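This is target_17.cif (mmCIF, C-alpha atoms).
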data_upload
loop_
_atom_site.label_atom_id
_atom_site.label_comp_id
_atom_site.auth_asym_id
_atom_site.auth_seq_id
_atom_site.Cartn_x
_atom_site.Cartn_y
_atom_site.Cartn_z
CA MET A 57 -37.74 4.54 0.26
CA ALA A 58 -37.35 7.19 2.93
CA ALA A 59 -34.70 8.09 5.44
CA ARG A 60 -35.34 8.67 9.12
CA ALA A 61 -33.05 10.14 11.76
CA GLY A 62 -32.49 8.73 15.21
CA ILE A 63 -32.78 5.49 17.11
CA SER A 64 -35.34 2.87 16.18
CA LYS A 65 -35.93 -0.75 17.08
CA PHE A 66 -36.31 -3.75 14.79
CA GLY A 67 -37.08 -7.33 15.67
CA ASP A 68 -35.66 -10.08 13.47
CA GLY A 69 -37.72 -10.47 10.30
CA GLN A 70 -39.28 -7.03 10.61
CA SER A 71 -39.08 -5.08 7.34
CA THR A 72 -38.81 -1.37 6.73
CA LEU A 73 -38.76 1.06 3.83
CA ASP A 74 -36.75 3.56 5.87
CA SER A 75 -33.01 3.99 6.10
CA ARG A 76 -31.51 5.47 9.21
CA ILE A 77 -29.65 8.73 8.85
CA GLY A 78 -27.57 10.79 11.24
CA GLN A 79 -28.07 14.31 12.48
CA GLN A 80 -26.43 15.69 9.35
CA GLY A 81 -28.15 13.45 6.80
CA ASP A 82 -25.42 10.83 6.77
CA LEU A 83 -26.52 7.24 6.11
CA ILE A 84 -25.97 5.15 9.26
CA VAL A 85 -24.37 1.78 8.62
CA THR A 86 -22.77 -1.05 10.58
CA GLU A 87 -20.24 -3.45 9.13
CA LEU A 88 -21.40 -7.04 9.41
CA HIS A 89 -17.96 -8.65 9.19
CA GLY A 90 -14.24 -8.02 9.34
CA ARG A 91 -12.87 -5.94 6.52
CA TYR A 92 -11.78 -8.87 4.36
CA TYR A 93 -14.54 -11.38 5.15
CA GLU A 94 -16.39 -11.27 1.83
CA GLN A 95 -13.21 -11.90 -0.15
CA ALA A 96 -11.82 -14.40 2.37
CA VAL A 97 -14.93 -16.56 2.45
CA ARG A 98 -14.92 -16.60 -1.35
CA LYS A 99 -11.31 -17.83 -1.22
CA ASN A 100 -9.81 -14.75 -2.82
CA ILE A 101 -7.33 -13.85 -0.05
CA PHE A 102 -3.88 -15.46 -0.10
CA PHE A 103 -0.70 -15.39 1.96
CA SER A 104 2.99 -16.17 1.72
CA THR A 105 5.03 -16.88 4.84
CA SER A 106 8.79 -17.24 4.72
CA LEU A 107 10.67 -18.20 7.89
CA VAL A 108 14.25 -17.51 9.04
CA ARG A 109 15.68 -16.26 5.75
CA ALA A 110 18.76 -14.14 5.06
CA THR A 111 16.61 -11.60 3.26
CA SER A 112 18.53 -9.74 0.58
CA ILE A 113 18.37 -6.22 -0.80
CA GLY A 114 16.63 -5.88 -4.17
CA ALA A 115 18.65 -8.11 -6.49
CA THR A 116 18.27 -10.66 -9.25
CA ALA A 117 19.37 -13.35 -6.78
CA GLN A 118 16.60 -12.68 -4.30
CA ILE A 119 16.12 -14.29 -0.88
CA GLY A 120 13.28 -13.45 1.45
CA ASN A 121 9.59 -13.42 0.63
CA ILE A 122 8.86 -13.23 -3.09
CA VAL A 123 5.44 -13.31 -4.73
CA TRP A 124 5.18 -13.56 -8.52
CA ASN A 125 2.05 -12.81 -10.54
CA PRO A 126 2.42 -14.78 -13.81
CA PRO A 127 1.65 -12.88 -17.03
CA ASP A 128 -1.25 -15.21 -17.83
CA SER A 129 -2.77 -15.21 -14.34
CA GLY A 130 -5.77 -13.07 -15.24
CA VAL A 131 -5.68 -11.49 -11.78
CA ASN A 132 -4.25 -8.45 -10.06
CA LEU A 133 -2.66 -8.92 -6.65
CA VAL A 134 -4.12 -6.32 -4.28
CA MET A 135 -1.72 -6.08 -1.35
CA THR A 136 -3.42 -6.04 2.05
CA LYS A 137 -1.10 -6.83 5.00
CA TRP A 138 2.54 -7.41 5.91
CA VAL A 139 4.35 -8.78 8.95
CA SER A 140 8.13 -8.79 9.44
CA ASN A 141 10.41 -9.97 12.26
CA ILE A 142 14.20 -9.77 12.36
CA VAL A 143 15.31 -12.26 14.99
CA ALA A 144 19.10 -12.33 14.50
CA THR A 145 21.37 -9.30 14.72
CA SER A 146 21.60 -7.65 11.29
CA ALA A 147 23.41 -4.40 12.00
CA THR A 148 23.78 -3.23 8.41
CA CYS A 149 20.31 -4.21 7.24
CA THR A 150 18.88 -0.88 8.54
CA GLY A 151 15.31 -1.81 7.60
CA MET A 152 12.87 -3.53 5.30
CA ALA A 153 11.03 -2.29 2.25
CA LEU A 154 8.43 -3.51 -0.14
CA GLY A 155 10.02 -4.09 -3.55
CA ILE A 156 8.33 -4.29 -6.93
CA GLY A 157 9.74 -5.81 -10.09
CA TYR A 158 8.87 -6.90 -13.61
CA GLN A 159 9.03 -10.63 -14.31
CA PRO A 160 7.50 -11.83 -17.57
CA LEU A 161 9.14 -15.27 -17.27
CA THR A 162 9.04 -17.88 -14.53
CA PRO A 163 11.71 -17.22 -11.87
CA THR A 164 14.49 -19.81 -11.85
CA THR A 165 16.43 -21.62 -9.11
CA VAL A 166 13.49 -21.28 -6.79
CA THR A 167 12.74 -22.47 -3.27
CA VAL A 168 9.06 -22.26 -2.49
CA ALA A 169 7.87 -20.25 0.50
CA ASP A 170 7.51 -22.12 3.77
CA ALA A 171 3.74 -21.77 3.56
CA SER A 172 1.45 -20.09 1.09
CA GLY A 173 -2.05 -20.27 -0.32
CA CYS A 174 -5.60 -19.31 0.47
CA THR A 175 -6.46 -17.89 3.88
CA TYR A 176 -9.70 -19.87 3.87
CA ALA A 177 -7.42 -22.24 5.62
CA ALA A 178 -6.89 -25.98 5.26
CA VAL A 179 -10.55 -26.86 4.96
CA GLN A 180 -12.25 -30.21 4.49
CA GLY A 181 -9.30 -32.49 5.05
CA GLN A 182 -6.86 -30.70 2.84
CA THR A 183 -3.26 -31.11 3.90
CA SER A 184 -2.10 -27.91 2.25
CA PHE A 185 -3.56 -24.54 1.44
CA LEU A 186 -5.52 -23.92 -1.71
CA PRO A 187 -3.18 -22.41 -4.29
CA GLY A 188 -3.94 -19.14 -6.00
CA LYS A 189 -2.72 -17.78 -9.29
CA ALA A 190 0.35 -16.16 -7.73
CA LYS A 191 3.48 -18.15 -6.89
CA ALA A 192 5.30 -17.64 -3.59
CA TYR A 193 9.01 -18.25 -3.07
CA ALA A 194 11.63 -17.88 -0.37
CA ILE A 195 14.46 -17.91 -2.93
CA ALA A 196 14.31 -17.03 -6.61
CA THR A 197 16.49 -15.80 -9.42
CA LEU A 198 14.77 -12.93 -11.19
CA LEU A 199 15.26 -11.18 -14.50
CA PHE A 200 15.61 -7.76 -12.89
CA ALA A 201 16.31 -6.48 -9.39
CA PRO A 202 13.08 -5.31 -7.72
CA VAL A 203 12.89 -1.61 -6.87
CA SER A 204 12.30 -0.53 -3.26
CA VAL A 205 9.04 1.39 -3.41
CA HIS A 206 7.71 1.49 0.15
CA VAL A 207 9.88 1.87 3.24
CA LEU A 208 8.35 -0.35 5.93
CA TYR A 209 10.43 0.01 9.12
CA HIS A 210 13.86 0.50 10.66
CA ASN A 211 15.84 -2.30 12.27
CA THR A 212 18.66 -1.23 14.53
CA ALA A 213 22.17 -2.56 15.16
CA ALA A 214 21.03 -5.26 17.56
CA ILE A 215 17.82 -7.08 18.18
CA ASN A 216 15.91 -6.59 21.41
CA THR A 217 16.75 -9.03 24.15
CA VAL A 218 13.83 -8.12 26.37
CA GLY A 219 10.15 -7.74 25.63
CA VAL A 220 8.40 -8.21 22.32
CA ASP A 221 8.48 -6.47 18.95
CA GLN A 222 5.41 -6.33 16.75
CA VAL A 223 6.27 -5.02 13.31
CA SER A 224 3.42 -5.20 10.84
CA GLY A 225 1.12 -3.02 8.81
CA ASP A 226 -1.90 -2.65 6.59
CA LEU A 227 -1.35 -1.80 2.94
CA GLU A 228 -5.10 -1.36 2.41
CA GLY A 229 -4.98 -2.07 -1.30
CA MET A 230 -2.68 0.87 -2.04
CA TRP A 231 -0.36 -1.42 -4.06
CA ILE A 232 -1.55 -3.60 -6.92
CA ILE A 233 0.73 -6.07 -8.67
CA PRO A 234 -0.50 -6.64 -12.23
CA PRO A 235 0.20 -9.82 -14.23
CA GLY A 236 3.91 -10.02 -14.98
CA GLY A 237 4.80 -8.22 -11.77
CA ILE A 238 6.66 -9.38 -8.70
CA VAL A 239 6.56 -8.15 -5.10
CA THR A 240 9.16 -8.78 -2.42
CA MET A 241 10.09 -8.04 1.15
CA GLN A 242 13.66 -6.78 0.82
CA ALA A 243 16.40 -5.30 2.97
CA LEU A 244 17.17 -1.58 2.77
CA GLY A 245 20.90 -1.36 3.51
CA ALA A 246 22.38 -4.86 3.32
CA ALA A 247 21.11 -8.42 3.53
CA ALA A 248 19.73 -9.61 6.86
CA ALA A 249 21.92 -12.19 8.60
CA ALA A 250 21.46 -15.90 8.05
CA SER A 251 18.17 -17.12 9.51
CA ALA A 252 17.39 -13.55 10.56
CA HIS A 253 14.11 -12.70 8.91
CA SER A 254 10.60 -14.12 9.01
CA SER A 255 7.77 -12.45 7.16
CA THR A 256 4.24 -12.74 5.83
CA LEU A 257 2.61 -10.98 2.90
CA CYS A 258 -1.15 -11.10 2.29
CA TRP A 259 -3.02 -10.13 -0.84
CA GLU A 260 -6.35 -10.38 -2.61
CA GLU A 261 -6.53 -11.87 -6.11
CA CYS A 262 -8.98 -9.80 -8.17
CA PRO A 263 -9.83 -10.53 -11.81
CA VAL A 264 -8.34 -8.12 -14.34
CA LEU A 265 -11.42 -6.43 -15.75
CA MET B 35 -37.22 -1.83 -1.89
CA ALA B 36 -37.57 -2.76 1.77
CA ASP B 37 -34.93 -3.58 4.33
CA ARG B 38 -35.33 -6.44 6.75
CA SER B 39 -33.75 -7.02 10.13
CA GLY B 40 -31.80 -10.13 11.06
CA ASP B 41 -29.91 -13.02 9.52
CA LYS B 42 -30.66 -14.06 5.97
CA ARG B 43 -29.04 -16.18 3.33
CA ALA B 44 -28.51 -15.11 -0.27
CA TYR B 45 -27.16 -17.70 -2.65
CA ASP B 46 -24.97 -16.63 -5.57
CA GLY B 47 -27.22 -15.48 -8.41
CA MET B 48 -30.24 -14.99 -6.18
CA SER B 49 -31.88 -11.57 -6.46
CA THR B 50 -33.69 -9.67 -3.76
CA LEU B 51 -35.28 -6.28 -3.26
CA ASP B 52 -34.46 -6.37 0.42
CA GLY B 53 -31.39 -4.99 2.13
CA ARG B 54 -30.53 -5.70 5.73
CA VAL B 55 -30.90 -3.46 8.73
CA GLY B 56 -29.69 -3.86 12.29
CA GLN B 57 -31.74 -3.81 15.49
CA GLN B 58 -31.52 -0.02 15.56
CA GLY B 59 -32.26 0.65 11.91
CA ASP B 60 -28.63 0.86 10.85
CA LYS B 61 -27.95 -0.32 7.31
CA ILE B 62 -25.85 -3.49 7.49
CA VAL B 63 -22.98 -3.45 4.99
CA SER B 64 -19.79 -5.33 4.22
CA LEU B 65 -16.77 -3.95 2.42
CA LEU B 66 -15.83 -5.68 -0.79
CA HIS B 67 -12.23 -4.47 -0.93
CA ALA B 68 -9.52 -2.77 1.10
CA GLU B 69 -9.76 0.95 1.76
CA HIS B 70 -7.67 2.17 -1.17
CA TYR B 71 -8.62 -0.45 -3.77
CA GLU B 72 -11.06 1.61 -5.82
CA ASN B 73 -8.64 4.49 -6.35
CA CYS B 74 -5.68 2.16 -6.77
CA ILE B 75 -7.26 0.03 -9.51
CA ARG B 76 -8.23 3.25 -11.30
CA GLN B 77 -4.56 4.27 -11.17
CA LYS B 78 -5.05 7.32 -8.98
CA ILE B 79 -2.54 6.39 -6.25
CA PHE B 80 1.12 7.37 -6.53
CA PHE B 81 4.24 7.10 -4.40
CA SER B 82 7.61 8.76 -3.92
CA THR B 83 10.42 6.80 -2.24
CA ASN B 84 13.90 8.12 -1.45
CA LEU B 85 16.60 6.01 0.15
CA ALA B 86 19.58 7.07 2.28
CA LYS B 87 19.36 10.87 1.86
CA ALA B 88 20.75 13.69 4.03
CA THR B 89 17.34 15.30 4.48
CA THR B 90 17.56 19.05 5.12
CA VAL B 91 15.59 21.50 7.19
CA ALA B 92 12.99 23.49 5.27
CA GLY B 93 14.83 25.80 2.91
CA VAL B 94 15.03 26.73 -0.72
CA ASN B 95 17.77 24.14 -1.26
CA MET B 96 15.95 20.96 -0.31
CA VAL B 97 17.23 17.41 0.01
CA GLY B 98 14.92 14.62 1.10
CA ASN B 99 11.56 13.67 -0.33
CA ILE B 100 9.95 16.44 -2.37
CA ILE B 101 6.69 16.34 -4.34
CA TRP B 102 5.63 19.15 -6.64
CA ASN B 103 2.09 19.58 -7.97
CA PRO B 104 2.45 21.69 -11.15
CA PRO B 105 0.05 24.63 -11.52
CA ASP B 106 -1.49 23.11 -14.65
CA SER B 107 -1.83 19.56 -13.26
CA GLY B 108 -5.61 19.68 -12.87
CA VAL B 109 -5.37 17.49 -9.78
CA ASN B 110 -5.17 17.84 -6.03
CA LEU B 111 -2.78 15.58 -4.15
CA GLU B 112 -4.53 13.84 -1.26
CA PHE B 113 -1.94 12.47 1.17
CA ILE B 114 -2.67 9.03 2.57
CA LEU B 115 0.55 7.64 4.13
CA TRP B 116 4.06 8.57 5.24
CA LYS B 117 6.93 6.30 6.30
CA SER B 118 10.33 7.45 7.55
CA VAL B 119 13.50 5.71 8.73
CA ILE B 120 16.58 7.46 10.19
CA ALA B 121 19.36 4.88 10.10
CA VAL B 122 22.46 7.00 10.87
CA THR B 123 22.96 9.06 14.02
CA SER B 124 21.66 12.59 13.41
CA ALA B 125 21.91 14.17 16.83
CA THR B 126 20.80 17.68 15.94
CA THR B 127 17.97 16.76 13.60
CA THR B 128 15.53 16.37 16.53
CA GLY B 129 12.68 15.25 14.30
CA VAL B 130 11.08 14.96 10.90
CA GLY B 131 8.22 17.12 9.74
CA LEU B 132 5.88 17.57 6.83
CA ALA B 133 6.25 20.93 5.12
CA PHE B 134 4.23 22.66 2.43
CA GLY B 135 5.28 25.38 0.04
CA TYR B 136 4.20 27.43 -2.96
CA GLN B 137 5.93 26.67 -6.23
CA THR B 138 4.56 28.17 -9.43
CA THR B 139 7.49 27.27 -11.68
CA PRO B 140 9.38 23.98 -11.96
CA PRO B 141 11.99 23.45 -9.23
CA THR B 142 15.55 23.78 -10.53
CA THR B 143 18.73 21.76 -10.00
CA VAL B 144 16.66 18.67 -9.39
CA THR B 145 17.48 15.02 -8.82
CA PRO B 146 14.50 12.71 -9.37
CA ALA B 147 13.31 10.56 -6.48
CA ASP B 148 14.81 7.07 -6.31
CA ALA B 149 11.46 5.64 -7.32
CA PHE B 150 8.11 7.22 -7.95
CA GLY B 151 4.96 6.73 -9.96
CA ASN B 152 1.74 4.77 -9.97
CA THR B 153 1.14 2.04 -7.39
CA ALA B 154 -1.12 -0.11 -9.59
CA THR B 155 0.70 -0.52 -12.85
CA GLY B 156 3.86 -2.26 -11.67
CA ILE B 157 7.15 -1.80 -13.45
CA VAL B 158 6.69 -0.41 -16.97
CA PRO B 159 7.70 -3.33 -19.23
CA GLY B 160 11.09 -2.77 -20.80
CA ALA B 161 12.07 0.11 -18.52
CA LEU B 162 14.60 -1.98 -16.66
CA LEU B 163 16.29 -2.93 -19.91
CA GLN B 164 17.12 0.71 -20.62
CA THR B 165 20.22 1.24 -18.56
CA THR B 166 20.25 4.95 -19.30
CA THR B 167 16.67 5.40 -18.17
CA PRO B 168 16.45 6.96 -14.72
CA PRO B 169 14.62 4.90 -12.11
CA THR B 170 11.77 7.37 -12.25
CA ALA B 171 10.78 5.85 -15.58
CA PHE B 172 10.18 2.44 -14.02
CA PHE B 173 6.63 3.30 -13.01
CA LYS B 174 3.81 5.02 -14.84
CA ALA B 175 4.06 8.75 -14.15
CA GLY B 176 1.36 10.88 -12.61
CA LYS B 177 0.85 14.61 -12.75
CA ALA B 178 3.03 15.26 -9.70
CA LEU B 179 6.81 15.24 -9.96
CA CYS B 180 8.97 13.75 -7.23
CA TYR B 181 12.53 14.64 -6.31
CA SER B 182 15.24 13.86 -3.81
CA VAL B 183 17.02 17.17 -4.45
CA ALA B 184 15.42 20.42 -5.63
CA THR B 185 15.92 24.16 -5.48
CA LEU B 186 12.64 25.90 -4.68
CA LEU B 187 11.35 29.44 -5.00
CA PHE B 188 10.47 29.67 -1.32
CA ALA B 189 11.30 27.67 1.78
CA PRO B 190 8.38 25.36 2.60
CA VAL B 191 6.66 25.79 5.95
CA LEU B 192 6.68 22.98 8.48
CA VAL B 193 3.04 22.16 9.19
CA ASN B 194 3.24 18.90 11.12
CA GLN B 195 6.11 17.51 13.21
CA LEU B 196 5.70 13.83 12.44
CA TYR B 197 8.03 12.41 15.10
CA HIS B 198 11.03 13.06 17.32
CA ASN B 199 14.40 11.51 16.64
CA THR B 200 16.81 11.44 19.55
CA ALA B 201 20.56 12.14 19.81
CA ALA B 202 21.51 8.62 18.83
CA ILE B 203 19.65 6.03 16.86
CA SER B 204 18.35 3.06 18.78
CA GLY B 205 20.88 0.31 19.25
CA VAL B 206 18.37 -2.45 19.74
CA GLY B 207 15.04 -3.49 18.36
CA ALA B 208 12.90 -2.38 15.49
CA GLU B 209 11.21 0.96 14.88
CA TYR B 210 7.99 1.35 12.95
CA ILE B 211 7.69 5.03 12.07
CA GLY B 212 4.83 6.08 9.86
CA GLU B 213 1.15 6.81 9.90
CA ASP B 214 -1.97 7.00 7.82
CA MET B 215 -2.71 10.59 6.87
CA ASP B 216 -6.31 9.87 5.93
CA ALA B 217 -6.47 12.86 3.56
CA ILE B 218 -6.06 15.49 6.27
CA TYR B 219 -3.68 17.34 3.95
CA ILE B 220 -4.48 18.18 0.32
CA LEU B 221 -1.91 19.82 -1.92
CA PRO B 222 -3.48 21.93 -4.68
CA PRO B 223 -1.85 22.74 -8.03
CA GLY B 224 1.12 25.03 -7.54
CA GLY B 225 1.97 23.49 -4.18
CA ILE B 226 4.94 21.54 -2.97
CA ALA B 227 5.26 19.02 -0.13
CA CYS B 228 8.47 17.88 1.55
CA LEU B 229 9.62 15.68 4.38
CA VAL B 230 12.04 17.94 6.25
CA ALA B 231 14.38 17.82 9.23
CA VAL B 232 13.17 19.89 12.17
CA GLY B 233 16.37 21.03 13.92
CA ALA B 234 19.26 20.50 11.54
CA THR B 235 20.11 18.56 8.41
CA MET B 236 20.58 14.84 8.91
CA ALA B 237 23.83 12.95 8.52
CA ALA B 238 24.79 11.70 5.09
CA SER B 239 22.76 8.69 3.96
CA ALA B 240 20.65 8.87 7.10
CA HIS B 241 17.08 9.04 5.90
CA SER B 242 14.82 6.79 3.84
CA SER B 243 11.19 7.66 3.32
CA THR B 244 8.02 7.05 1.37
CA LEU B 245 5.07 9.35 0.71
CA ILE B 246 1.88 7.96 -0.84
CA PHE B 247 -0.85 10.16 -2.28
CA LYS B 248 -3.88 10.17 -4.55
CA GLU B 249 -4.29 12.42 -7.55
CA ILE B 250 -7.87 13.63 -7.54
CA PRO B 251 -9.28 15.95 -10.25
CA VAL B 252 -9.87 19.53 -9.15
CA LEU B 253 -13.64 19.89 -9.42
#
This entry written out as structure tokens:
Amino acid sequence: MAARAGISKFGDGQSTLDSRIGQQGDLIVTELHGRYYEQAVRKNIFFSTSLVRATSIGATAQIGNIVWNPPDSGVNLVMTKWVSNIVATSATCTGMALGIGYQPLTPTTVTVADASGCTYAAVQGQTSFLPGKAKAYAIATLLFAPVSVHVLYHNTAAINTVGVDQVSGDLEGMWIIPPGGIVTMQALGAAAAASAHSSTLCWEECPVL
Amino acid sequence: MADRSGDKRAYDGMSTLDGRVGQQGDKIVSLLHAEHYENCIRQKIFFSTNLAKATTVAGVNMVGNIIWNPPDSGVNLEFILWKSVIAVTSATTTGVGLAFGYQTTPPTTVTPADAFGNTATGIVPGALLQTTTPPTAFFKAGKALCYSVATLLFAPVLVNQLYHNTAAISGVGAEYIGEDMDAIYILPPGGIACLVAVGATMAASAHSSTLIFKEIPVL
């Protein structure tokens, strides 16, 4: 197999032993799909959406968006994306953070998330989303208060009354929740007001190797 | 091995000697995981988070978010993300910057960061049961040490003004303040990195921040 620099032309079905390289010997590639396609089409990407919750600071009585990876899941949760909207004035909230906790037992007094499951969405007549190994809640009582580990954004004293706010981000796999771990969206300063906070967390479930 | 242009179908378990090329000879690839997965699963990514601190200007007496790479660490720190929130009016701060310094001996008079450690291992089991254990023990430690307060040998030098904060904090809406650093800064052993105020120290409890970095062996 050889490498060749510069433009070339291939018709469909034409084969080659050459790779294309750039002017400095770099291999030239093009991505075929979106970043998460291979995992999404294999039903390994999951989401949790929690709507209009009074999201709390890290606490054992947690409200917001809570994703638990059971100790026997056999998978790591590789965090990929987050979205967060505060839609009711929450002057003392001051912001949202990603929280991480340790939860070897099933959370108690739970309310399931408004929607959760596989992002290969509602296929073939299913009425709900395919479940993953992780469990998603809007309300849960935990063994320990999750620790704020990643400051996400600042919310101010009042919400905007004109225009739009898009508050979201990529985590790009920089956080992994192992079995027995828990991840939350949680307030920084004080709980968001009643019905104030809607959020989505997305993750990839990868086997523990 | 030959590459072939155009659509093809490979069933699970099917083997092939052919890759795929585009119409201009470009190798067609797909990513299996997110950008930081490989380093994260190998436990090379670490974080430092400090909440509600009166972050200072660059000086020897630092308050804020401070990361020290010991001279004998054997790793470089590759910075990948910063996040910063000013939640209390800090009229004379004027902005937040990234500063680097030279620190050959351990900082003194230190307070550990509110949380720091590895991003892949989760909470260390049992750590939360130990009420006397500082929060820094919650996560698996790396080579770098992270502080909210530290006395340094030399004042770090501001190398990048990250953003401007105005005389009053916004009264409405949300603010997303942070950016990928994409490894443009690497901190070698014996170095120190800080988030610092640009104009003047912030108000009490004003500043929350996160720095995320990889620890890569010095080759």
task: Would you be able to write out as a VMD selection string which residues have an atom within 7 Å of (19.9, -13.3, 2.9) in the file's coordinates, counting all atoms listed in the file?
output: chain A and resid 109 to 112 119 to 120 247 to 250
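The interatomic distance for the pair atom CA of B:Val122 and atom CA of A:Ala153 works out to 17.1 Å.
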Find the residues in chain B near chain A: any atom within 8 Å counts, using all atoms listed in the file. Write them as a tab-separated table (two decimals) with C-alpha atoms, in the frame of the given file.
chain	number	residue	atom	x	y	z
B	35	MET	CA	-37.22	-1.83	-1.89
B	36	ALA	CA	-37.57	-2.76	1.77
B	37	ASP	CA	-34.93	-3.58	4.33
B	38	ARG	CA	-35.33	-6.44	6.75
B	39	SER	CA	-33.75	-7.02	10.13
B	40	GLY	CA	-31.80	-10.13	11.06
B	41	ASP	CA	-29.91	-13.02	9.52
B	56	GLY	CA	-29.69	-3.86	12.29
B	57	GLN	CA	-31.74	-3.81	15.49
B	58	GLN	CA	-31.52	-0.02	15.56
B	59	GLY	CA	-32.26	0.65	11.91
B	60	ASP	CA	-28.63	0.86	10.85
B	61	LYS	CA	-27.95	-0.32	7.31
B	62	ILE	CA	-25.85	-3.49	7.49
B	63	VAL	CA	-22.98	-3.45	4.99
B	64	SER	CA	-19.79	-5.33	4.22
B	65	LEU	CA	-16.77	-3.95	2.42
B	66	LEU	CA	-15.83	-5.68	-0.79
B	67	HIS	CA	-12.23	-4.47	-0.93
B	68	ALA	CA	-9.52	-2.77	1.10
B	69	GLU	CA	-9.76	0.95	1.76
B	70	HIS	CA	-7.67	2.17	-1.17
B	71	TYR	CA	-8.62	-0.45	-3.77
B	74	CYS	CA	-5.68	2.16	-6.77
B	75	ILE	CA	-7.26	0.03	-9.51
B	79	ILE	CA	-2.54	6.39	-6.25
B	81	PHE	CA	4.24	7.10	-4.40
B	82	SER	CA	7.61	8.76	-3.92
B	83	THR	CA	10.42	6.80	-2.24
B	117	LYS	CA	6.93	6.30	6.30
B	118	SER	CA	10.33	7.45	7.55
B	119	VAL	CA	13.50	5.71	8.73
B	120	ILE	CA	16.58	7.46	10.19
B	121	ALA	CA	19.36	4.88	10.10
B	149	ALA	CA	11.46	5.64	-7.32
B	150	PHE	CA	8.11	7.22	-7.95
B	153	THR	CA	1.14	2.04	-7.39
B	154	ALA	CA	-1.12	-0.11	-9.59
B	155	THR	CA	0.70	-0.52	-12.85
B	156	GLY	CA	3.86	-2.26	-11.67
B	157	ILE	CA	7.15	-1.80	-13.45
B	158	VAL	CA	6.69	-0.41	-16.97
B	159	PRO	CA	7.70	-3.33	-19.23
B	162	LEU	CA	14.60	-1.98	-16.66
B	203	ILE	CA	19.65	6.03	16.86
B	204	SER	CA	18.35	3.06	18.78
B	205	GLY	CA	20.88	0.31	19.25
B	206	VAL	CA	18.37	-2.45	19.74
B	207	GLY	CA	15.04	-3.49	18.36
B	208	ALA	CA	12.90	-2.38	15.49
B	209	GLU	CA	11.21	0.96	14.88
B	210	TYR	CA	7.99	1.35	12.95
B	211	ILE	CA	7.69	5.03	12.07
B	242	SER	CA	14.82	6.79	3.84
B	243	SER	CA	11.19	7.66	3.32
B	244	THR	CA	8.02	7.05	1.37
- prompt: Do you know which residues the PyMOL selection byres ((chain A and resi 165) around 12) returns on this file, as a PyMOL selection string?
  reply: chain A and resi 116-119+162-164+166-168+193-199
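Under the PyMOL selection byres ((chain B and resi 199) around 6), the matching residues in the shown file are Thr128, Gly129, His198 and Thr200 of chain B.
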Closest atom pairs, residues of stretch 64-123 of chain B within 10 Å of stretch 235-241 of chain B, all atoms listed in the file, as CSV:
residue,atom,partner,partner_atom,distance
B:Asn84,CA,B:His241,CA,8.1
B:Leu85,CA,B:His241,CA,6.5
B:Ala86,CA,B:Ser239,CA,3.9
B:Lys87,CA,B:Ser239,CA,4.6
B:Ala88,CA,B:Ala238,CA,4.6
B:Thr89,CA,B:Met236,CA,5.5
B:Thr90,CA,B:Thr235,CA,4.2
B:Val91,CA,B:Thr235,CA,5.5
B:Ala92,CA,B:Thr235,CA,9.2
B:Met96,CA,B:Thr235,CA,10.0
B:Val97,CA,B:Thr235,CA,9.0
B:Gly98,CA,B:His241,CA,7.7
B:Asn99,CA,B:His241,CA,9.5
B:Ser118,CA,B:His241,CA,7.1
B:Val119,CA,B:His241,CA,5.6
B:Ile120,CA,B:His241,CA,4.6
B:Ala121,CA,B:Ala240,CA,5.2
B:Val122,CA,B:Ala240,CA,4.6
B:Thr123,CA,B:Ala237,CA,6.8
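Pairwise distance (atom CA of B:Thr185, atom CA of B:Gly93) equals 8.6 Å.
Picture a line from atom CA of B:Asp214 to atom CA of B:Ile114; it runs 5.7 Å.
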Counting all atoms listed in the file, find the residues whose atoms lie at most 6 Å from (9.1, 15.0, 15.0) (file coordinates) and write them out as a CSV table (one decimal) with C-alpha atoms, keeping the file's coordinate frame.
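File selection_8.csv, as written:
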chain,number,residue,atom,x,y,z
B,129,GLY,CA,12.7,15.2,14.3
B,130,VAL,CA,11.1,15.0,10.9
B,131,GLY,CA,8.2,17.1,9.7
B,195,GLN,CA,6.1,17.5,13.2
B,196,LEU,CA,5.7,13.8,12.4
B,197,TYR,CA,8.0,12.4,15.1
B,198,HIS,CA,11.0,13.1,17.3
- request: Step by step, work through what the PyMOL selection byres ((chain A and resi 102) around 8) selects in the shown file, and finish by giving those residues as a PyMOL selection string.
  value: chain A and resi 99-101+103-104+172-175+188+258-261
- request: For B:Val193, please output as a ChimeraX atom specification all residues within 12 Å (counting all atoms listed in the file; exclusion window: fewer than 6 positions along the same chain).
  value: /B:92,130-135,218-219,227-230,232
- prompt: When distances are computed from all atoms listed in the file, which of A:Ser106, A:Ala246, A:Ser146, A:Ala171 shows the smallest separation from A:Phe185?
  reply: A:Ala171
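Nearest residue to B:Thr139 among B:Asn103, B:Asn152, B:Thr126, B:Gln77 is B:Asn103, counting all atoms listed in the file.
Among the candidate residues B:Pro141, B:Pro104, B:Pro222, B:Pro146, the one lying nearest to B:Ala189 is B:Pro141, with distances computed using all atoms listed in the file.
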message: Can you pull out the residues contacting B:Leu221? Cut-off 10 Å, using all atoms listed in the file, and skip same-chain residues under 5 positions away; I want them as a ChimeraX atom specification.
response: /B:101-103,109-113,134-136,226-227,247,249
